[in-house]
Structures are given as C-alpha cells and as structure tokens.
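Everything on this sheet refers to the single structure shown next.
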Amino acid sequence: MAESSSTIDSSYVLLPTEHSQVLPPSRPPTVDSDATFPSSISTPTSPIDSNGSSVGTLESVYHPSVDPAYIVGSNSSYAHDWSRGTTGGIRIHGRHFVDAYGRVCNLRGLNLSGNCKTPINDNHATFPDGAETVTFVGRPFPLDEAPQHLARLRRWGLTFVRFVITWEAVEHAGPGVYDASYLSYLRAILSLFPQYGLTAFVALHQDVWSRYAGGSGAPAWTLEHVGFDLHALEESGAAWLRGVCGGGHTEAERGLWPCGYQKLAAATMATCFWAGDTFAPKLRVLDGIPIQHFLQDAFLDMWETVVRAVGDLDGVLGFEMMNEPHRGYIDLPSLHGFDYNTDLHLGDIPSAFQSFLLGAGHPTTVNHWTRSFPMPTKHTAQTLLNPQGRKAWRENGPTGGRDLWEMHGVWEWDSTKNSGVELRGSYFVNDPATGRKVDWYTDFYYPFLKKWAERVHRAIANGRGHEKLIFVEPIPNEFCPSSWTQEHRPPNMVFAPHWYDLRVLFDKAHGEFSVNVQALSRGANPLKTFYWGHKGARDNFTTQIRTLVEASYRSLGERPVLLGECGVPMDMNRRAAFKTNDWTWQQRMMDAMIIALERANVGFTLWNYNPDNDDMRGDDWNGENFSWFSHSRVPKQSLPSSQDTKELDLGGRILGAVVRPYAAKTAGVPLKFEYEMATGAFAYSWAVPLSGSGDEVSITEKQQYIGGPNVHTPPLTGHPQLLARETEIYVPAQLSRGRKLIVEGLKEGDRYTYDAARQTLFVLPAAPQMGEPAVHVHVHEVKVRFDPPVGGEPPNDFYSDFSRPIGAALVVLLAFTAYVFLGV
C-alpha cells in the first residue's frame, strides 16, 4: 500500500535501545512462534487525560511494544480484553475510544440482557398484581452461573456490554424504597467482568414507559401517582398489555408493542415526566408536589443510588440515562394524528384526541393499520374500542377520575351532542402559559440530561467520576438533531443511537429482496431503495447505517458514535428455522448488518444475549425473539472457562456471522476492515496518526472533508501520542481450529504472531529508525486467509442470480429479431 505524501511527524514513541528486532529488508515478515511472555507489563496510571492529552512520565506509561527489542505478542493480554489492568482505562478522543496507550479501541459486544426487562417472579396470569413484591435478583443470570456465561462472551469476542437495568428493578416497592438485595447482586455481577476482560456501561431500559403500560422500565407506582387505574388500561385502550403477559407471538399481535408509545398511558407519562410543569401544572401529588418534580426527583435519586452501588467498579465504563426516550405528546402538531416516519402505525391506532375520549370512558372508533408494501403499513379499516366505557383514571386518584387533559382544558365532553370537543388543538406545540413554541430536545431533554450527568459524576465516591462515559441516544428512528450543540452535551458524551431494519422488524421476514425503509420514509425514489441478494442487503444496510452515523458527525462533530442496539429476529420467516434448524436467512442478515457496521467504522452492542431464551417463548417479552443464544440448546454441564473451550459454543445460533475477526486495539487510526464470512478471509488497514495541530492537515485530507465528515476519512491529526506499536486483532478459534492461518500484505521488517489460545493476532510494524527527523504517514495493512477456507456460500446479487437467464433471453431475442427482419 502506498504511503501518504504528508511529511508530518509520526506520533509513535520509540525507546532507545542497542538491540533492534527489525527484520532485514531482504527477508519477508515472519511468525514469532516461540515468543516468551514476561510475568508483567507496564500498566499506566493516567497517561492521557480526558481530553486525550498525554500526561505522566514516559517510563511509567509506555506499552512494552514501544521497545525495539520487544518480541511480538509477548505481553500477557489478548485483543478483546478491556480490563483496566490491560488498557489503563478507556476514554474518548474525537470519534474514537482510546486506551491509555493511545490505541484506538473497537468496542463491540452485546446487550445483557433482554430478560432484565422482567422480574424473576413474573406471573403472566396475575399481572399487574404484586407490583410491589417483584424481584430482579438473578437478572440476567444467577451469580453461580455467571462464570460460564462470561467465559462464553469472552470466547465469542463480545466483551463490551450494554448492561440492562430498569427503574422497576431498583425501586418497585414504592417511592424511595430501594431493593438492597438487587443492588448487591448488581455489584457482585459487574465486579466479575474484569476477570473475563469485559467492561460495561449500565443502561436504564424503558420501552413504552413501563411494563404496566405494555413495555418495560418504570415501576407501577409512577402510573398510579398520575392517576391511572392499572387494571383498566387495556380495556380503555390506554395501553396494549397482552405482549407483557406472554402474548405477541400470533400474526395478529406480532410487532404491536411499539404502538404503545402513542397510547394514552405511555404518552401521558412521558409528557408529565419531561414537561409536567408546562403542560400539566394542575397535577400535584402527595403534599402538593408538581408531577414533573415528583417523577424527575425520584428518577434522579434512584439513579444516584445505582451509581453509588456500582460506579466505582473497574468493570463499569459509563452509564446511559434512558433507553429510547420518547417525547410523549410534546411537539405534537395535531391531536388527530402522529408522525408516520417516527411512530409505528400498526393495529388499532387512536389519535391523541381519541385516546383522551377512550380513557375518559367513551367508546370510540379508531383507524386500523395493516402491513403493506413498499411502505411498512397502511390504513385499511376502523375498529370500535372500549365498547364497555371503562375509565383509565382512578376515581380516588389526583385527577378525581377525570382525564388529565380534559382537566387542563385541552378538550371537553359535549353531553348534548354526546361527543368530545377539541378546545386547544395545538396545546402541546406552544407553552400554554406564554404561547412560546416549545422543542422537546432543547427545552426538556437536554437540560435534564445535563442535570442527570452531573448527579452521576458527583455520586462516584473514588474521585473517578469524571472518567465515566455518558451514553445518550435520540428518539427512535430519528437522526441526531442539529440542535445538539456543545452547550447541550454532557462531559464524556458518546452518541449511541439504535438501528434495526424496519421492514424486517415489522414483517419478521427476510429473503433475497430488501428495502431501505429509512430512505423510503423520507421521500426517496422507491426504485433507488430496492436491493437484491446477500450483497444487496450488505449495501442496503451500509447505506442506512452510514447515513445515520454521518448525520451524527455533522451534528456533533468528532464525537464517538456507537450503535447501542441492532439485531436480527430469530423467529423470522414464520419460525421456519425452529423446525428445520436452517438459520441461513438469520445468518445472512446478521452478516449484512455487521458488515455495514464495519464499513462505518463504529462499535456496537447487539440485541441481545438472553440466558432464558428458548424456542417456544423466545425472549418472553412482547413476542420478541432476538437472542442468538438459547438455553434450550445447551445441556446442563460445568465447562472450563478458557477461550479454547469449544463446548462454550453450545446454545449459539448463527455464530458464523456473530463471531468474527475484528481489530480490537489498533496502534493507529482504523481505515478499513473487510471480512468475508464465506471464506473467513479478512483485510485490515490503519494509519499511524499525525502529531501536531489540526492546522497541519494535508491538502488531500482537507479535500476529503469538503462534503463534511464521513466514515471513510477519519482525522489523522491531533491524535494522542501513541505509546504502543503493537496492534491486536481478535481472530476466533472457530475459524483457526483445523486450519492454517496465513498472513499476507505486511511490509518488510514487520512481525506478527497468532496465539489461538488467546484468539489474538498480534501485528508489530517495523520500528522507525532512530534519529529520523520526520517520516511519512505510515499506512499499514494486513491480509489474513485460512487454508482450507471456511467454505461458505459466496454472497449473491442480482447479476450473479440473473445474468445467465437474462443473457440467454437476449440471445434468443436477438436471434428472433434477426430472423424476422433479416430473414437469417
């Protein structure tokens, strides 16, 4: 690979020594197969500050590979080990995560776990009774089972964890009553992570506000304090609850749960939480506390309790305030419809105004939506809801049994006409007190996010609160808003949006044909959104994810982007794989998705690893079945925890797509990674970043940024000084077992070694010559293949599938034309 023409100094640190290990130019790169490992390595304490600047002394912080006498692979780490003792701590710099040696860390892993949404003693038959006595101790798995699960994740290279908790798990018994047993369990689980190379950010999960509104998250008492009757929510159309009671698996119920965001219970709760002072000032609880203050103060106090319990642990990298936040009714321009682009329309979809009527006990006819093509859904019928006239509001609640929005003059009931009357159609667009237009992000979300982040950082007792990363995300299916300017960003912010292929998500089907719904819903020409084959799916998902990531860079600048959720339903195509054990379509989709993530150069946490998943119940929440691990396929046995224990793979599905090589720690800036699942071969290139100010950037690099920041041209200036030369690539034992690993593409003088027991390919570029005043930017590349190859089916596209029949048809057509017109 040709070197750049830039002459800016390389930021490698090189220690002087009398003995060089650089190979003579006449010799090709070789494998150090007999490397000896020292008993310890130099571990930095604080070589880089939170802004990425080098601090401390070189002698105490350098990685052993800086020494020209270093033998490649002779440190005691492995690529996917994120423990503080190995990395010296992970922090952010520009768009990258970096360790204490300045190496770029490619964090990839999973959500642990979908079963954390529901309690251990969940009882579908008696729900919603017993809300105060639920327990989440043992979610995601019992302590005595933790070693086997964590060893499995380490073997699979998925050592970066989005650890799922809920507000209900911490404070289900009542306001200010915290579950000490759960907090102790939480600390015990997370304390184990560094022993297996894992690190985590703790994410507070919510969907549709709460289990008691049809999702997960907040405890039941939050709804009761607003005035809802938990036993009347479904009958009154205020929530859809069958999915949290074991339903969601039938064709009629499949994928309905996200529509709960628009229903009365969840939308009202979100509105009261974010903007109760603005839109529900009459609602006061307990001794006259405004509802927004009550809910937000309880939320912040709960979060501080969690952070005090686990925030000092080395295995906790950071925190995420709230999964998939939703604005409720805020910014809703009309009471008679929701935004089709961001709010799922499927099944019975009452408008906000119709929800008010239903909750007040008035039978109402609403629109019914069904799946369609090319748009996901369309309006096809109408349904009469709440024919019995059940109220969603408690007579003994703070509203006195009235609808909260009727109480605030948004609408009223005309008994003469026996119908509801809209009074303030744009109520949620402007501040009712001042008339000023509101914006959910700038007026409510950003200020509360910063307030929460300050509480988090202050709550960590060991003085390392400023090190913790803050993971944030926008409303689902929205790009990063341009309003997210510097003053609205908490310190150490990581942007962590979610991405799912919406067509597959709603249809639970995947085949040769795929559609870019992201572009289609935003007005793109439909013909430009259709793709064919495995290659087509890769290109489709690449376009969608790249669009999402680059929109984030345009809004936030050089800020890390990590996809907090992305996944593939295991029960797609009418659950055919459960009968045939043929997971081809799931594996192809997962491969296409991860390739798109790799092309975008972003990390991710897949949804999800669920220790309780089985083929019948799936993830046992709203009919979902995303876990590519199923305990029903694992025999009960005690297994060794070493990375080469192949029995740990039992229970895994589509591992050929999930478990794949990646450059975990790069002594430089990642440029491009390409992996082909069909053969196991991959290629990786990276550049040694440039020292000095950003003003020194070359003309070529400036030209690359004319169209704005993109995923293919990361900045090569301003990077922290590299205190390591060795790059560590995770190469799974599943690929190398029984095959010869062949490394190509390295330059003369470069070294490498592959340690199958540690599942790590170590690459050590040749050391710069001492005394050089300046060097060109070095671009390094490594290519890896296996003999014999993996032997999978090559990816197909429209050309490979149809070129021959189309060609044959053209030949026949030409022959016929010649016969007719020329008489040949």
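Labeling convention for the structure tokens: chains A, B, ... as they appear, residues from 1 per chain, ligands from 1 in order of appearance.
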
When you look at Asp649 of chain A with a cut-off of 10 Å (counting only C-alpha atoms), what residues show up, excluding the ones that are within fewer than 5 positions of it in the same chain? I need them as a VMD selection string.
chain A and resid 152 to 153 155 to 156 629 634 655 734

Interface rows for segment 270-333 of chain A against segment 411-435 of chain A: nearest pair, Å to one decimal, 6 Å, only C-alpha atoms, as JSON lines:
{"residue": "A:Ile330", "atom": "CA", "partner": "A:Phe428", "partner_atom": "CA", "distance": 5.1}
{"residue": "A:Asp331", "atom": "CA", "partner": "A:Val429", "partner_atom": "CA", "distance": 4.7}
{"residue": "A:Leu332", "atom": "CA", "partner": "A:Phe428", "partner_atom": "CA", "distance": 5.8}
{"residue": "A:Pro333", "atom": "CA", "partner": "A:Ser426", "partner_atom": "CA", "distance": 5.9}

A straight line from atom CA of Ala151 of chain A to atom CA of Pro611 of chain A spans 13.3 Å

Close residues, segment 650-653 of chain A itself excluded, 10 Å, only C-alpha atoms, min 4 positions apart in chain, as a list in words: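 Everything that qualifies: Arg152, Trp156, Met570, Asn581, Asp582, Trp583, Gln586, Gln587, Tyr609, Pro611, Asn613, Asp614, Ser627, Trp628, Phe629, Ser630, His631, Ser632, Arg633, Val634, Pro635, Lys646, Ala657, Val658 and Val659 of chain A.
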
Can I get the selection written as a compact mmCIF listing (two decimals), in the first residue's frame, with N, CA, C and O atoms?
# COMPACT_ATOMS: atom_id res chain seq x y z
N ARG A 152 -18.19 -17.52 27.98
CA ARG A 152 -18.73 -17.68 26.62
C ARG A 152 -18.62 -16.37 25.85
O ARG A 152 -18.20 -16.36 24.68
N TRP A 156 -16.40 -15.58 22.44
CA TRP A 156 -17.01 -15.04 21.23
C TRP A 156 -16.50 -13.65 20.87
O TRP A 156 -16.94 -13.07 19.88
N MET A 570 -34.80 -13.96 15.48
CA MET A 570 -34.55 -15.37 15.20
C MET A 570 -35.79 -16.09 14.68
O MET A 570 -35.69 -17.14 14.04
N ASN A 581 -33.95 -26.17 11.54
CA ASN A 581 -32.61 -25.89 12.07
C ASN A 581 -31.70 -25.28 11.00
O ASN A 581 -30.47 -25.35 11.09
N ASP A 582 -32.30 -24.66 10.01
CA ASP A 582 -31.57 -23.97 8.95
C ASP A 582 -31.68 -22.46 9.21
O ASP A 582 -32.74 -21.86 9.01
N TRP A 583 -30.59 -21.87 9.66
CA TRP A 583 -30.58 -20.46 10.06
C TRP A 583 -29.95 -19.56 9.00
O TRP A 583 -29.42 -18.50 9.29
N GLN A 586 -31.24 -15.85 8.83
CA GLN A 586 -30.82 -15.08 10.01
C GLN A 586 -29.33 -14.77 9.94
O GLN A 586 -28.89 -13.66 10.25
N GLN A 587 -28.55 -15.77 9.53
CA GLN A 587 -27.10 -15.58 9.46
C GLN A 587 -26.73 -14.57 8.37
O GLN A 587 -25.85 -13.72 8.56
N TYR A 609 -28.18 -11.01 24.06
CA TYR A 609 -27.83 -12.33 24.61
C TYR A 609 -28.76 -12.56 25.80
O TYR A 609 -28.67 -11.87 26.82
N PRO A 611 -29.98 -15.38 28.44
CA PRO A 611 -29.78 -16.72 29.00
C PRO A 611 -31.06 -17.52 29.16
O PRO A 611 -31.01 -18.75 29.28
N ASN A 613 -33.65 -17.45 26.95
CA ASN A 613 -34.34 -17.65 25.67
C ASN A 613 -34.55 -19.14 25.37
O ASN A 613 -33.67 -19.97 25.64
N ASP A 614 -35.73 -19.46 24.85
CA ASP A 614 -35.96 -20.79 24.32
C ASP A 614 -36.79 -20.67 23.05
O ASP A 614 -37.30 -19.59 22.72
N SER A 627 -32.54 -13.18 20.67
CA SER A 627 -31.32 -13.76 21.23
C SER A 627 -30.77 -14.84 20.32
O SER A 627 -31.48 -15.79 19.97
N TRP A 628 -29.49 -14.72 19.97
CA TRP A 628 -28.84 -15.76 19.17
C TRP A 628 -28.16 -16.78 20.08
O TRP A 628 -27.32 -17.56 19.62
N PHE A 629 -28.55 -16.76 21.35
CA PHE A 629 -28.22 -17.85 22.27
C PHE A 629 -29.53 -18.37 22.85
O PHE A 629 -30.41 -17.58 23.20
N SER A 630 -29.65 -19.68 22.95
CA SER A 630 -30.86 -20.28 23.50
C SER A 630 -30.47 -21.36 24.50
O SER A 630 -29.78 -22.32 24.15
N HIS A 631 -30.92 -21.21 25.73
CA HIS A 631 -30.55 -22.19 26.77
C HIS A 631 -31.16 -23.55 26.50
O HIS A 631 -30.67 -24.58 26.98
N SER A 632 -32.23 -23.60 25.71
CA SER A 632 -32.86 -24.89 25.41
C SER A 632 -31.97 -25.78 24.55
O SER A 632 -32.24 -26.96 24.39
N ARG A 633 -30.90 -25.21 24.01
CA ARG A 633 -29.98 -25.97 23.17
C ARG A 633 -28.66 -26.27 23.88
O ARG A 633 -27.69 -26.66 23.23
N VAL A 634 -28.63 -26.07 25.20
CA VAL A 634 -27.40 -26.28 25.96
C VAL A 634 -27.64 -27.34 27.02
O VAL A 634 -28.51 -27.16 27.89
N PRO A 635 -26.91 -28.41 27.02
CA PRO A 635 -27.04 -29.39 28.11
C PRO A 635 -26.49 -28.83 29.40
O PRO A 635 -25.55 -28.02 29.40
N LYS A 646 -14.39 -25.29 23.21
CA LYS A 646 -15.36 -25.20 22.12
C LYS A 646 -16.78 -25.52 22.58
O LYS A 646 -17.76 -25.10 21.94
N ALA A 657 -21.82 -15.70 11.71
CA ALA A 657 -21.94 -14.27 11.42
C ALA A 657 -21.60 -13.42 12.64
O ALA A 657 -21.02 -12.34 12.51
N VAL A 658 -21.96 -13.90 13.82
CA VAL A 658 -21.76 -13.10 15.04
C VAL A 658 -20.31 -13.11 15.49
O VAL A 658 -19.75 -12.07 15.87
N VAL A 659 -19.70 -14.28 15.48
CA VAL A 659 -18.34 -14.43 15.98
C VAL A 659 -17.39 -14.30 14.80
O VAL A 659 -17.27 -15.21 13.97

Based on DSSP run over this structure's backbone, return all residues of segment 443-497 of chain A in helix (DSSP H, G or I), as a PyMOL selection string.
chain A and resi 443-459+465-467+486-488

Taking C-alpha atoms for each residue, export the selection above as a PDB file, in the first residue's frame.
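As a result, out31.pdb now contains:
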ATOM      1  CA  ASP A 443     -36.441  22.745  26.359  1.00  0.00           C
ATOM      2  CA  PHE A 444     -36.735  19.441  28.191  1.00  0.00           C
ATOM      3  CA  TYR A 445     -34.372  16.619  27.165  1.00  0.00           C
ATOM      4  CA  TYR A 446     -31.027  18.433  27.037  1.00  0.00           C
ATOM      5  CA  PRO A 447     -31.418  20.291  30.359  1.00  0.00           C
ATOM      6  CA  PHE A 448     -32.482  17.148  32.207  1.00  0.00           C
ATOM      7  CA  LEU A 449     -29.728  15.082  30.595  1.00  0.00           C
ATOM      8  CA  LYS A 450     -27.078  17.504  31.838  1.00  0.00           C
ATOM      9  CA  LYS A 451     -28.642  17.543  35.292  1.00  0.00           C
ATOM     10  CA  TRP A 452     -28.593  13.747  35.385  1.00  0.00           C
ATOM     11  CA  ALA A 453     -24.985  13.555  34.154  1.00  0.00           C
ATOM     12  CA  GLU A 454     -23.862  15.946  36.904  1.00  0.00           C
ATOM     13  CA  ARG A 455     -25.537  13.755  39.527  1.00  0.00           C
ATOM     14  CA  VAL A 456     -23.862  10.662  38.085  1.00  0.00           C
ATOM     15  CA  HIS A 457     -20.375  12.127  38.105  1.00  0.00           C
ATOM     16  CA  ARG A 458     -20.767  13.521  41.621  1.00  0.00           C
ATOM     17  CA  ALA A 459     -22.090  10.245  43.010  1.00  0.00           C
ATOM     18  CA  GLY A 465     -16.480  10.181  38.407  1.00  0.00           C
ATOM     19  CA  HIS A 466     -15.093  12.430  35.676  1.00  0.00           C
ATOM     20  CA  GLU A 467     -13.752   9.342  33.872  1.00  0.00           C
ATOM     21  CA  GLN A 486     -21.754  21.910  22.573  1.00  0.00           C
ATOM     22  CA  GLU A 487     -23.621  23.626  25.399  1.00  0.00           C
ATOM     23  CA  HIS A 488     -26.152  20.789  25.450  1.00  0.00           C
TER      24      HIS A 488
END

Open item on the list: I'd like the contact shell of segment 302-313 of chain A - 8 Å cut-off, only C-alpha atoms, skipping same-chain residues fewer than 3 positions apart - returned as a PyMOL selection string.
Closed with: chain A and resi 167+170-171+176+178+183-184+186-187+190-191+298-299+316+318+455-456+459-462+464-465

Pull the closest atom pair for each residue of segment 153-210 of chain A that gets at most 12 Å from segment 225-231 of chain A, along with the distance in Å to one decimal, counting only C-alpha atoms, ordering rows by chain and then ascending residue number, as a Markdown table.
| residue | atom | partner | partner_atom | distance |
| --- | --- | --- | --- | --- |
| A:Gly174 | CA | A:His225 | CA | 10.6 |
| A:Pro175 | CA | A:His225 | CA | 10.1 |
| A:Ser210 | CA | A:Leu230 | CA | 11.3 |

Could the residues in this selection be written to a file with N, CA, C and O atoms, as a PDB file, in the first residue's frame?
ATOM      1  N   GLY A 174     -41.963   1.137  46.109  1.00  0.00           N
ATOM      2  CA  GLY A 174     -42.563   2.433  46.384  1.00  0.00           C
ATOM      3  C   GLY A 174     -41.522   3.533  46.315  1.00  0.00           C
ATOM      4  O   GLY A 174     -40.306   3.263  46.304  1.00  0.00           O
ATOM      5  N   PRO A 175     -41.943   4.792  46.255  1.00  0.00           N
ATOM      6  CA  PRO A 175     -41.004   5.909  46.143  1.00  0.00           C
ATOM      7  C   PRO A 175     -39.985   5.905  47.282  1.00  0.00           C
ATOM      8  O   PRO A 175     -40.352   5.857  48.461  1.00  0.00           O
ATOM      9  N   SER A 210     -43.234   1.684  30.821  1.00  0.00           N
ATOM     10  CA  SER A 210     -43.274   0.727  31.926  1.00  0.00           C
ATOM     11  C   SER A 210     -43.886  -0.598  31.469  1.00  0.00           C
ATOM     12  O   SER A 210     -44.621  -0.651  30.481  1.00  0.00           O
TER      13      SER A 210
END
